[in-house]
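Novice: Supplied structure: work_16.cif, mmCIF, C-alpha atoms and all ligand atoms.
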```cif
data_model
loop_
_atom_site.label_atom_id
_atom_site.label_comp_id
_atom_site.auth_asym_id
_atom_site.auth_seq_id
_atom_site.Cartn_x
_atom_site.Cartn_y
_atom_site.Cartn_z
CA MET Z 1436 11.11 -10.68 29.40
CA ILE Z 1437 12.43 -9.64 32.81
CA ILE Z 1438 13.49 -6.00 33.13
CA SER Z 1439 15.07 -4.72 36.35
CA VAL Z 1440 14.93 -1.06 37.28
CA ALA Z 1441 18.26 -0.27 38.93
CA SER Z 1442 20.61 2.34 40.33
CA ALA Z 1443 23.32 2.09 42.98
CA LYS Z 1444 22.27 5.44 44.43
CA GLY Z 1445 19.21 5.42 46.64
CA GLY Z 1446 16.26 7.73 46.20
CA VAL Z 1447 16.73 8.54 42.52
CA GLY Z 1448 13.29 7.25 41.50
CA LYS Z 1449 13.56 3.51 40.74
CA THR Z 1450 10.31 2.68 42.51
CA THR Z 1451 8.47 5.69 41.06
CA ILE Z 1452 9.55 4.68 37.57
CA ALA Z 1453 8.69 1.00 38.03
CA ALA Z 1454 5.21 1.87 39.36
CA ASN Z 1455 4.38 4.37 36.62
CA LEU Z 1456 5.81 2.22 33.84
CA GLY Z 1457 3.67 -0.62 35.18
CA VAL Z 1458 0.54 1.54 35.02
CA VAL Z 1459 1.24 2.96 31.57
CA LEU Z 1460 2.35 -0.33 29.97
CA ASN Z 1461 -0.75 -2.00 31.41
CA LYS Z 1462 -2.95 0.77 30.01
CA ARG Z 1463 -1.30 0.30 26.62
CA GLY Z 1464 -2.37 -3.36 26.65
CA ALA Z 1465 0.94 -5.03 27.51
CA ARG Z 1466 0.83 -8.02 29.82
CA VAL Z 1467 2.98 -6.47 32.54
CA LEU Z 1468 3.80 -7.76 36.03
CA LEU Z 1469 5.39 -5.60 38.73
CA VAL Z 1470 7.71 -7.33 41.21
CA ASP Z 1471 8.62 -5.60 44.47
CA ALA Z 1472 12.14 -6.98 44.95
CA ASP Z 1473 13.12 -4.25 47.44
CA LEU Z 1474 12.22 -6.71 50.17
CA SER Z 1475 13.03 -4.58 53.20
CA SER Z 1476 11.18 -1.44 52.10
CA GLY Z 1477 8.20 -2.69 50.11
CA ASN Z 1478 7.95 0.77 48.59
CA LEU Z 1479 6.57 -0.44 45.26
CA THR Z 1480 3.78 -2.24 47.10
CA LEU Z 1481 3.00 1.06 48.86
CA HIS Z 1482 3.12 3.05 45.59
CA MET Z 1483 0.61 0.58 44.13
CA GLY Z 1484 -1.98 1.17 46.85
CA GLY Z 1485 -0.35 -0.70 49.72
CA LYS Z 1486 -3.14 -3.25 50.05
CA SER Z 1487 -2.21 -5.52 52.92
CA THR Z 1488 -2.19 -9.14 51.88
CA SER Z 1489 -1.31 -12.37 53.62
CA ARG Z 1490 0.36 -13.63 50.46
CA SER Z 1491 3.61 -11.96 49.64
CA LEU Z 1492 6.96 -12.37 47.98
CA HIS Z 1493 8.41 -12.79 51.50
CA ALA Z 1494 6.36 -15.97 51.96
CA LEU Z 1495 7.37 -17.31 48.54
CA LEU Z 1496 11.04 -16.66 49.29
CA SER Z 1497 10.76 -18.32 52.70
CA THR Z 1498 9.43 -21.60 51.30
CA GLU Z 1499 11.95 -24.38 51.78
CA GLY Z 1500 13.21 -25.49 48.35
CA GLY Z 1501 11.25 -22.72 46.62
CA PRO Z 1502 7.51 -22.22 46.09
CA SER Z 1503 5.29 -24.20 43.72
CA GLU Z 1504 4.08 -22.60 40.48
CA ASP Z 1505 0.56 -22.42 41.94
CA GLU Z 1506 1.80 -20.63 45.05
CA VAL Z 1507 3.63 -18.13 42.86
CA ARG Z 1508 0.59 -17.41 40.66
CA GLU Z 1509 -1.74 -17.15 43.68
CA THR Z 1510 0.53 -14.48 45.18
CA VAL Z 1511 0.17 -12.14 42.21
CA SER Z 1512 -2.46 -9.57 43.21
CA LEU Z 1513 -4.17 -6.95 41.07
CA SER Z 1514 -3.16 -3.59 42.51
CA LEU Z 1515 -4.84 -0.54 40.94
CA GLY Z 1516 -5.53 -2.84 37.98
CA VAL Z 1517 -1.89 -3.90 37.56
CA PRO Z 1518 -0.61 -7.40 38.45
CA LEU Z 1519 1.89 -7.12 41.32
CA LEU Z 1520 4.02 -9.50 43.37
CA PRO Z 1521 3.87 -7.53 46.64
CA VAL Z 1522 5.87 -7.72 49.83
CA SER Z 1523 4.29 -7.57 53.25
CA PRO Z 1524 5.20 -4.75 55.63
CA SER Z 1525 6.66 -7.34 58.02
CA LEU Z 1526 10.36 -7.09 58.77
CA ARG Z 1527 10.13 -10.59 60.23
CA GLY Z 1528 9.00 -11.77 56.78
CA TYR Z 1529 11.94 -9.96 55.22
CA LEU Z 1530 14.44 -11.57 57.58
CA LYS Z 1531 13.12 -15.04 56.76
CA SER Z 1532 13.18 -14.60 52.99
CA LYS Z 1533 16.00 -15.85 50.81
CA LEU Z 1534 16.44 -13.77 47.69
CA ASP Z 1535 18.46 -16.62 46.15
CA LEU Z 1536 15.07 -18.24 45.53
CA LEU Z 1537 14.01 -15.37 43.22
CA PRO Z 1538 14.54 -17.48 40.06
CA THR Z 1539 12.02 -20.05 41.36
CA VAL Z 1540 9.47 -17.21 41.55
CA LEU Z 1541 10.23 -15.49 38.24
CA THR Z 1542 10.78 -18.48 35.96
CA PRO Z 1543 7.19 -19.86 36.09
CA LEU Z 1544 5.80 -16.39 35.32
CA LYS Z 1545 7.98 -15.64 32.30
CA ASP Z 1546 5.50 -17.02 29.78
CA ASP Z 1547 2.48 -15.40 31.47
CA TYR Z 1548 3.71 -11.83 30.89
CA ASP Z 1549 5.27 -9.76 28.11
CA ILE Z 1550 7.23 -7.68 30.61
CA ILE Z 1551 8.12 -8.49 34.21
CA LEU Z 1552 9.29 -5.22 35.74
CA VAL Z 1553 11.41 -5.71 38.86
CA ASP Z 1554 11.99 -2.86 41.32
CA THR Z 1555 15.40 -3.37 42.94
CA PRO Z 1556 17.00 -2.07 46.13
CA PRO Z 1557 19.78 0.54 45.99
CA GLY Z 1558 23.47 -0.20 46.48
CA ILE Z 1559 25.75 -2.80 45.02
CA ASN Z 1560 25.27 -5.83 47.22
CA LYS Z 1561 23.74 -9.29 47.11
CA ASN Z 1562 20.16 -8.00 47.31
CA SER Z 1563 20.60 -5.64 44.38
CA ILE Z 1564 22.75 -8.03 42.31
CA ILE Z 1565 20.44 -11.07 42.39
CA PRO Z 1566 17.58 -9.32 40.52
CA LEU Z 1567 20.09 -7.99 37.97
CA ARG Z 1568 21.42 -11.49 37.40
CA GLU Z 1569 17.88 -12.74 36.71
CA SER Z 1570 17.11 -9.98 34.19
CA ASP Z 1571 17.05 -10.08 30.43
CA ARG Z 1572 17.49 -6.31 30.32
CA VAL Z 1573 18.28 -3.62 32.88
CA LEU Z 1574 16.78 -0.14 32.89
CA LEU Z 1575 19.15 2.27 34.65
CA VAL Z 1576 17.83 5.26 36.57
CA THR Z 1577 19.70 8.41 37.50
CA THR Z 1578 19.05 11.98 38.49
CA PRO Z 1579 20.98 14.63 36.53
CA ASP Z 1580 23.66 15.17 39.16
CA PRO Z 1581 27.27 13.97 38.95
CA VAL Z 1582 27.14 11.72 42.05
CA SER Z 1583 24.06 9.86 40.88
CA VAL Z 1584 25.52 9.43 37.39
CA SER Z 1585 28.80 8.15 38.82
CA ASP Z 1586 26.89 5.64 40.99
CA VAL Z 1587 24.77 4.41 38.09
CA ALA Z 1588 27.97 3.95 36.07
CA ASN Z 1589 28.96 1.41 38.74
CA THR Z 1590 25.61 -0.35 38.31
CA LYS Z 1591 26.29 -0.46 34.58
CA GLU Z 1592 29.68 -2.11 35.23
CA VAL Z 1593 28.01 -4.75 37.41
CA VAL Z 1594 25.48 -5.45 34.66
CA ILE Z 1595 28.34 -5.91 32.19
CA LEU Z 1596 30.20 -8.22 34.60
CA LEU Z 1597 27.01 -10.28 34.94
CA GLU Z 1598 26.82 -10.42 31.11
CA ARG Z 1599 23.35 -8.89 31.14
CA SER Z 1600 22.21 -6.20 28.76
CA ILE Z 1601 21.20 -2.60 29.42
CA VAL Z 1602 18.10 -1.30 27.66
CA GLY Z 1603 18.74 2.39 28.45
CA VAL Z 1604 18.79 5.02 31.15
CA VAL Z 1605 16.00 7.18 32.53
CA VAL Z 1606 16.98 10.66 33.73
CA ASN Z 1607 14.59 11.54 36.54
CA ARG Z 1608 13.86 14.75 38.49
CA VAL Z 1609 15.06 17.06 35.74
CA LYS Z 1610 14.47 20.71 36.61
CA LYS Z 1611 13.40 23.12 33.88
CA GLY Z 1612 14.75 26.51 32.97
CA LYS Z 1613 18.05 28.24 33.60
CA LEU Z 1614 19.34 27.02 36.92
CA PHE Z 1615 22.03 29.43 38.08
CA GLY Z 1616 24.77 27.70 40.03
CA SER Z 1617 23.20 24.31 39.36
CA LYS Z 1618 25.34 21.25 38.70
CA GLN Z 1619 22.50 19.64 36.73
CA LEU Z 1620 23.98 17.70 33.81
CA ARG Z 1621 22.32 17.77 30.40
CA THR Z 1622 20.86 14.51 29.15
CA ALA Z 1623 23.34 14.40 26.25
CA GLU Z 1624 26.20 14.74 28.74
CA ILE Z 1625 24.81 11.85 30.80
CA GLU Z 1626 24.50 9.71 27.66
CA GLY Z 1627 28.11 10.58 26.84
CA ILE Z 1628 29.41 9.67 30.30
CA LEU Z 1629 27.50 6.40 30.54
CA LYS Z 1630 27.55 5.49 26.85
CA VAL Z 1631 23.94 4.46 27.30
CA LYS Z 1632 20.94 5.85 25.43
CA ALA Z 1633 18.42 7.91 27.44
CA LEU Z 1634 14.99 6.34 26.96
CA GLY Z 1635 13.21 9.02 28.92
CA VAL Z 1636 13.54 12.30 30.76
CA ILE Z 1637 11.14 12.74 33.67
CA PRO Z 1638 10.69 16.25 35.05
CA GLU Z 1639 10.81 17.22 38.70
CA ASP Z 1640 7.16 17.58 39.67
CA LYS Z 1641 5.51 18.11 43.05
CA SER Z 1642 2.57 15.95 42.04
CA VAL Z 1643 4.83 12.85 42.15
CA GLU Z 1644 5.15 13.30 45.91
CA ALA Z 1645 1.44 14.10 46.28
CA ALA Z 1646 0.62 10.93 44.34
CA VAL Z 1647 2.69 8.82 46.76
CA VAL Z 1648 0.70 10.27 49.67
CA ALA Z 1649 -2.51 9.48 47.76
CA LYS Z 1650 -1.18 5.89 47.34
CA ARG Z 1651 -1.45 5.90 43.56
CA PRO Z 1652 1.20 6.49 40.91
CA VAL Z 1653 1.05 9.95 39.33
CA THR Z 1654 -0.02 8.43 36.00
CA ILE Z 1655 -3.28 7.46 37.77
CA TYR Z 1656 -3.42 10.44 40.14
CA LYS Z 1657 -2.86 13.10 37.45
CA PRO Z 1658 -2.89 11.29 34.10
CA ARG Z 1659 -2.87 14.46 31.99
CA SER Z 1660 0.04 16.18 33.74
CA ALA Z 1661 3.36 16.82 31.99
CA VAL Z 1662 5.09 14.27 34.20
CA SER Z 1663 2.52 11.59 33.28
CA LYS Z 1664 3.04 12.40 29.59
CA ALA Z 1665 6.78 11.91 30.15
CA PHE Z 1666 6.08 8.44 31.61
CA ASP Z 1667 3.91 7.66 28.60
CA ALA Z 1668 6.71 8.68 26.24
CA LEU Z 1669 9.17 6.55 28.25
CA ALA Z 1670 6.91 3.49 27.97
CA ARG Z 1671 6.60 4.02 24.21
CA LYS Z 1672 10.37 4.29 23.84
CA LEU Z 1673 10.94 1.22 26.00
CA VAL Z 1674 8.54 -0.89 23.94
CA GLU Z 1675 10.21 0.35 20.73
CA GLU Z 1676 13.62 -0.59 22.13
CA LEU Z 1677 12.44 -4.10 23.04
CA ARG Z 1678 11.12 -4.86 19.55
N1 LIG L 1701 10.09 13.15 39.02
C1 LIG L 1701 9.97 13.37 40.33
N2 LIG L 1701 9.56 14.60 40.80
C2 LIG L 1701 9.44 14.81 42.13
N3 LIG L 1701 9.69 13.90 43.07
C3 LIG L 1701 10.11 12.68 42.68
C4 LIG L 1701 10.27 12.35 41.30
N4 LIG L 1701 10.68 11.06 41.21
C5 LIG L 1701 10.77 10.60 42.48
N5 LIG L 1701 10.44 11.57 43.35
C6 LIG L 1701 10.43 11.44 44.83
O1 LIG L 1701 11.73 11.06 45.25
C7 LIG L 1701 11.65 10.15 46.34
C8 LIG L 1701 12.44 8.90 46.01
O2 LIG L 1701 11.80 8.22 44.92
P1 LIG L 1701 11.80 6.63 44.84
O3 LIG L 1701 11.37 6.04 46.14
O4 LIG L 1701 11.06 6.26 43.62
O5 LIG L 1701 13.36 6.37 44.65
P2 LIG L 1701 14.13 4.97 44.72
O6 LIG L 1701 15.30 5.09 43.81
O7 LIG L 1701 13.21 3.86 44.51
O8 LIG L 1701 14.61 4.98 46.25
P3 LIG L 1701 15.30 3.74 47.03
O9 LIG L 1701 16.69 3.65 46.49
O10 LIG L 1701 15.26 4.16 48.47
O11 LIG L 1701 14.50 2.52 46.73
C9 LIG L 1701 10.18 9.88 46.58
O12 LIG L 1701 9.75 10.66 47.67
C10 LIG L 1701 9.51 10.32 45.29
O13 LIG L 1701 8.21 10.79 45.51
MG MG L 1702 12.83 2.19 45.74
#
```
Would you write out, as structure tokens, the structure that this file holds?
Specialist:
Amino acid sequence: MIISVASAKGGVGKTTIAANLGVVLNKRGARVLLVDADLSSGNLTLHMGGKSTSRSLHALLSTEGGPSEDEVRETVSLSLGVPLLPVSPSLRGYLKSKLDLLPTVLTPLKDDYDIILVDTPPGINKNSIIPLRESDRVLLVTTPDPVSVSDVANTKEVVILLERSIVGVVVNRVKKGKLFGSKQLRTAEIEGILKVKALGVIPEDKSVEAAVVAKRPVTIYKPRSAVSKAFDALARKLVEELR
């Protein structure tokens, strides 16, 4: 099953959520593959240790007529113990790649994995729409502010137009306590606006940033922290929802 992690607004935590879900699902014994489909940034590849590799999704997507199944499988690399289709840091590689070929990469892998988790670029454009079109389910991501929620509502509309199905929304960077003057929406309000169930609420936590610097997702960097427990709960909920 292919699940895209998506939001029209940039910087809300798609890559962070894809990386940590990959780690936690893998730890729970699921056959999970991470796909870094944000071809120009390669942020997921960086989150997963940023190992430089000659094989990358760029190369697969630059192969005339699409890559062979062997080429696809040989490009999957174990990153921090999790299978990953990485991108190279090369912008030249990005410019040569044709995202239209994504189905030729994903289709041969569908039977090898229980969950193929695709990190997508922000915006509503060809590069963000192609991964959505190839997905069985879409996991929306938002922060609890009105602009982010309004943008993710647009992503939801695109998913509906593509006749794909939404699995739920993750509310990320939620601040605790009474926040005077804050416009932070409550999770129930976000569910009401989007008419989508919240599968997880991830707190704002400085260790997420520190983990990125340490080149490992926070669920590896600080596995017992509250934020890591929130990722664990999200993974459990996601698996329940997919049953
Ligand atoms: N729960 C959190 N607590 C604190 N910082 C966070 C949290 N989630 C994400 N961040 C930080 O927010 C920034 C953006 O996160 P991330 O790159 O995952 O977003 P994104 O939606 O993938 O962005 P883009 O749209 O550019 O791909 C990163 O610096 C990340 O460390
Ligand atoms: Mg990202």
Novice: One decimal, Å: what's the distance from atom O3 of ligand LIG 1701 (chain L) over to atom CA of Leu1544 of chain Z, could you say?
Specialist: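 Computed distance, atom O3 of ligand LIG 1701 (chain L) to atom CA of Leu1544 of chain Z, equals 25.5 Å.
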Novice: Which is closest to ligand LIG 1701 (chain L) among Z:Ile1564, Z:Ile1559, Z:Ile1437, Z:Leu1479, if we use all atoms listed in the file?
Specialist: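 Counting all atoms listed in the file, the residue closest to ligand LIG 1701 (chain L) is Z:Leu1479.
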Novice: As a CSV table (one decimal) with C-alpha atoms, keeping the file's coordinate frame, please: the residues near Arg1572 of chain Z (cut-off 8 Å, only C-alpha atoms, same-chain neighbours under 4 positions excluded).
Specialist:
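New file selection-v6.csv:
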```csv
chain,number,residue,atom,x,y,z
Z,1436,MET,CA,11.1,-10.7,29.4
Z,1437,ILE,CA,12.4,-9.6,32.8
Z,1438,ILE,CA,13.5,-6.0,33.1
Z,1439,SER,CA,15.1,-4.7,36.4
Z,1599,ARG,CA,23.4,-8.9,31.1
Z,1600,SER,CA,22.2,-6.2,28.8
Z,1601,ILE,CA,21.2,-2.6,29.4
Z,1602,VAL,CA,18.1,-1.3,27.7
```
Novice: Counting only C-alpha atoms and all ligand atoms, figure out which residue out of Z:Ser1489, Z:Thr1450, Z:Ser1660, Z:Ser1442 gets nearest to ligand MG 1702 (chain L).
Specialist: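 Of all the options, Z:Thr1450 lies closest to ligand MG 1702 (chain L).
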Novice: What does the list of residues within 10 Å of ligand MG 1702 (chain L) look like if you count only C-alpha atoms and all ligand atoms, written as a list in words?
Specialist: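 Residues satisfying the distance criterion: Val1440, Ala1441, Ser1442, Gly1445, Gly1446, Val1447, Gly1448, Lys1449, Thr1450, Thr1451, Ile1452, Ala1453, Ala1454, Asp1471, Ala1472, Asp1473, Leu1474, Ser1476, Gly1477, Asn1478, Leu1479, His1482, Asp1554, Thr1555, Pro1556 and Pro1557 of chain Z.
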Novice: Nearest to Gly1484 of chain Z among Z:Ser1514, Z:Ser1497, Z:Ser1532, Z:Ser1523, with distances taken over all atoms listed in the file: which residue is it?
Specialist: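 Distance minimum relative to Gly1484 of chain Z lands on Z:Ser1514.
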Novice: Please compute the atom CA of Pro1524 of chain Z-atom CA of Gly1457 of chain Z distance, one decimal, in Å.
Specialist: 20.9 Å
Novice: Calculated over only C-alpha atoms, which of the candidates Z:Val1647, Z:Val1631, Z:Ala1443, Z:Val1662 has the smallest distance to Asn1562 of chain Z?
Specialist: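 Looking only at the distances to Asn1562 of chain Z, the closest residue turns out to be Z:Ala1443.
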Novice: What's the separation between atom CA of Leu1495 of chain Z and atom CA of Glu1569 of chain Z, in Å to one decimal place?
Specialist: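 Computed distance, atom CA of Leu1495 of chain Z to atom CA of Glu1569 of chain Z, equals 16.5 Å.
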Novice: May I ask which of the residues Z:Ser1491, Z:Thr1577, Z:Ser1617, Z:Thr1590 is the closest one to ligand LIG 1701 (chain L), counting only C-alpha atoms and all ligand atoms?
Specialist: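 Counting only C-alpha atoms and all ligand atoms, the residue closest to ligand LIG 1701 (chain L) is Z:Thr1577.
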